[in-house]
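Since the structure comes first, as C-alpha cells, the remarks are kept for the end.
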Amino acid sequence: MNSKQPKLMDLSRMRDIITPHLAQISKNVFLNNELAVVHGDHSVFQLLIRHKPPFSINDHRFGIILSGEAHMNFNLQERHITAGTLVYLGPGTIINPIRLSDDLQVFGIGLFSDFRMPFAHGQMPSAFNGQVRDFQLPVDDGDISIAQHIIETIWQIVHHDKDYNRDCVTALAAALMHHYNSLYHRHAEHQPPHFREQTIFDRFIQLANQHCAEHHHIGYYAERLCLTERYLGTVVRQASGITAKEWIDRAIVTRIKVELRHTDKSMAQISDEMGFPNPSFFSKYFKRLTGMTPAAFKNS
C-alpha cells in the first residue's frame with residue numbers, strides 16, 4: 001500500500017499533462033471541458049503514470065480492456081485486469097497504476113463536472129449512485145462489443161463537428177451507463193447474498209439522493225426504513241466508513257451544484273427549494289462543505 005497522499009487527477013491536471021503531447025496522441029485521444037475519449041490506446045495512461053501516482057478522481061470514468069493486461073491498485077485493493085473486462089471508476093476513487101503491458105488496448109470515456117449528466121438527480125442507475133466507487137467486470141464478447149460500439153459512436157460524433165451534438169452524446173452516455181449498470185447487477189446476482197446491513201445502506205443512499213432537498217436529517221430516513229436513528233447511523237458507518245450525515249450532505253451539495261451549474265435560478269430560489277431557512281445560511285453551508293461560496297462556484 002502506498003502511503004503517499006493521492007493527487008487529484010481532474011480535468012485541469014490532465015490537460016496540463018496531455019497538452020504538450022497532443023500532436024502525438026490526438027489520433028487516439030479526445031479531450032475538452034466536458035469529456036475525454038480514449039480510442040483503442042494506452043499512451044495517455046503512460047503519460048499520467050510519469051506524474052507520480054497515486055491519483056484520485058472526482059468524475060465518472062468507463063473503460064474497456066480489449067487486449068493486454070494491467071496490474072492496478074484501486075481504492076487500496078490490487079487488481080489484475082485482463083482483456084474482456086469492463087472497468088468503472090467513480091468519484092473518490094484512488095488509482096495507483098503498477099504495471100501496464102505493452103499490448104494494452106483500451107477504449108474509454110471520462111465524464112467531467114461540466115458534462116450534463118443524462119439522469120435527473122436521484123435517478124442515476126444504482127451502480128453509480130455513490131455507494132460503489134469502482135468495479136471491474138469480466139464479460140463476454142457480446143457485452144464488450146456493445147460497450148465498444150457506444151464509445152466508438154461517441155468518438156465519431158465528437159470528431160465530426162467541433163460544435164458536436166451534445167444531446168446525442170448525452171443519450172449515448174446514458175446508454176453506456178445503463179449497459180454497465182445491468183452487467184454490474186447481473187454479476188452481483190452470482191455473488192454471495194448481500195447482508196441485511198448492505199441492503200439497508202443501499203436503500204438509504206437511494207432515499208438520500210431522492211429526498212435530500214426536503215429532508216436534511218437522518219430521522220426522516222430512519223423512519224422510512226423503520227429503523228432507529230442510532231441503528232441506521234451504525235449500519236451506514238460500518239458499510240461505508242462515512243456517517244449518514246456526511247452522505248446526506250454529499251447528496252445536498254451535489255443537487256446544489258447541479259442547480260448552480262445548469263439553471264438560471266437565483267441563490268434565494270435555490271436556497272428556498274433546498275430547504276434552507278435563508279440565503280445566508282445556505283451560502284455558509286455550501287462554503288463550509290466545498291470551500292467556496294455558491295456564487296463563486298457558479299462563476300468558476
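Simple scheme: letters A, B, ... for chains in C-alpha cells order, numbers from 1 for residues in each chain, numbers from 1 for ligands in the order shown.
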
I need the residues in segment 96-156 of chain A that are alpha helix (DSSP H) according to DSSP; give them as a PDB file with C-alpha atoms, in the first residue's frame.
ATOM      1  CA  ASP A 141     -17.566 -10.763 -26.300  1.00  0.00           C
ATOM      2  CA  GLY A 142     -21.121  -9.593 -26.997  1.00  0.00           C
ATOM      3  CA  ASP A 143     -21.179  -7.313 -23.955  1.00  0.00           C
ATOM      4  CA  ILE A 144     -17.743  -5.947 -24.839  1.00  0.00           C
ATOM      5  CA  SER A 145     -18.916  -5.272 -28.395  1.00  0.00           C
ATOM      6  CA  ILE A 146     -21.960  -3.291 -27.238  1.00  0.00           C
ATOM      7  CA  ALA A 147     -19.854  -1.065 -24.977  1.00  0.00           C
ATOM      8  CA  GLN A 148     -17.218  -0.605 -27.673  1.00  0.00           C
ATOM      9  CA  HIS A 149     -19.786   0.389 -30.292  1.00  0.00           C
ATOM     10  CA  ILE A 150     -21.287   3.029 -27.981  1.00  0.00           C
ATOM     11  CA  ILE A 151     -17.878   4.592 -27.273  1.00  0.00           C
ATOM     12  CA  GLU A 152     -16.944   4.316 -30.970  1.00  0.00           C
ATOM     13  CA  THR A 153     -20.106   6.253 -31.891  1.00  0.00           C
ATOM     14  CA  ILE A 154     -19.296   8.978 -29.354  1.00  0.00           C
ATOM     15  CA  TRP A 155     -15.791   9.166 -30.857  1.00  0.00           C
ATOM     16  CA  GLN A 156     -17.221   9.617 -34.353  1.00  0.00           C
TER      17      GLN A 156
END

Name all residues at most 8 Å from His185 of chain A (count only C-alpha atoms; drop same-chain ones fewer than 4 positions away) and give them as a PDB file with all heavy atoms, in the first residue's frame.
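Full text of out_7.pdb as output:
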ATOM      1  N   ALA A 127     -25.839   1.519  -9.727  1.00  0.00           N
ATOM      2  CA  ALA A 127     -24.407   1.228  -9.610  1.00  0.00           C
ATOM      3  C   ALA A 127     -23.573   2.495  -9.496  1.00  0.00           C
ATOM      4  O   ALA A 127     -22.414   2.441  -9.081  1.00  0.00           O
ATOM      5  CB  ALA A 127     -23.941   0.409 -10.813  1.00  0.00           C
ATOM      6  N   ASN A 181     -24.511  -0.721 -15.780  1.00  0.00           N
ATOM      7  CA  ASN A 181     -25.335  -0.969 -14.601  1.00  0.00           C
ATOM      8  C   ASN A 181     -25.980  -2.354 -14.662  1.00  0.00           C
ATOM      9  O   ASN A 181     -26.006  -3.097 -13.673  1.00  0.00           O
ATOM     10  CB  ASN A 181     -26.415   0.115 -14.503  1.00  0.00           C
ATOM     11  CG  ASN A 181     -27.291  -0.034 -13.269  1.00  0.00           C
ATOM     12  OD1 ASN A 181     -26.848   0.141 -12.149  1.00  0.00           O
ATOM     13  ND2 ASN A 181     -28.561  -0.348 -13.488  1.00  0.00           N
ATOM     14  N   GLU A 189     -25.643 -10.775  -8.833  1.00  0.00           N
ATOM     15  CA  GLU A 189     -26.594 -11.850  -8.537  1.00  0.00           C
ATOM     16  C   GLU A 189     -25.901 -13.192  -8.321  1.00  0.00           C
ATOM     17  O   GLU A 189     -26.445 -14.079  -7.657  1.00  0.00           O
ATOM     18  CB  GLU A 189     -27.604 -11.984  -9.685  1.00  0.00           C
ATOM     19  CG  GLU A 189     -28.603 -10.828  -9.762  1.00  0.00           C
ATOM     20  CD  GLU A 189     -29.481 -10.930 -10.988  1.00  0.00           C
ATOM     21  OE1 GLU A 189     -29.295 -11.902 -11.767  1.00  0.00           O
ATOM     22  OE2 GLU A 189     -30.329 -10.045 -11.183  1.00  0.00           O
TER      23      GLU A 189
END

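Interatomic distance, atom CA of Phe119 of chain A to atom CA of Ala171 of chain A: 9.7 Å.
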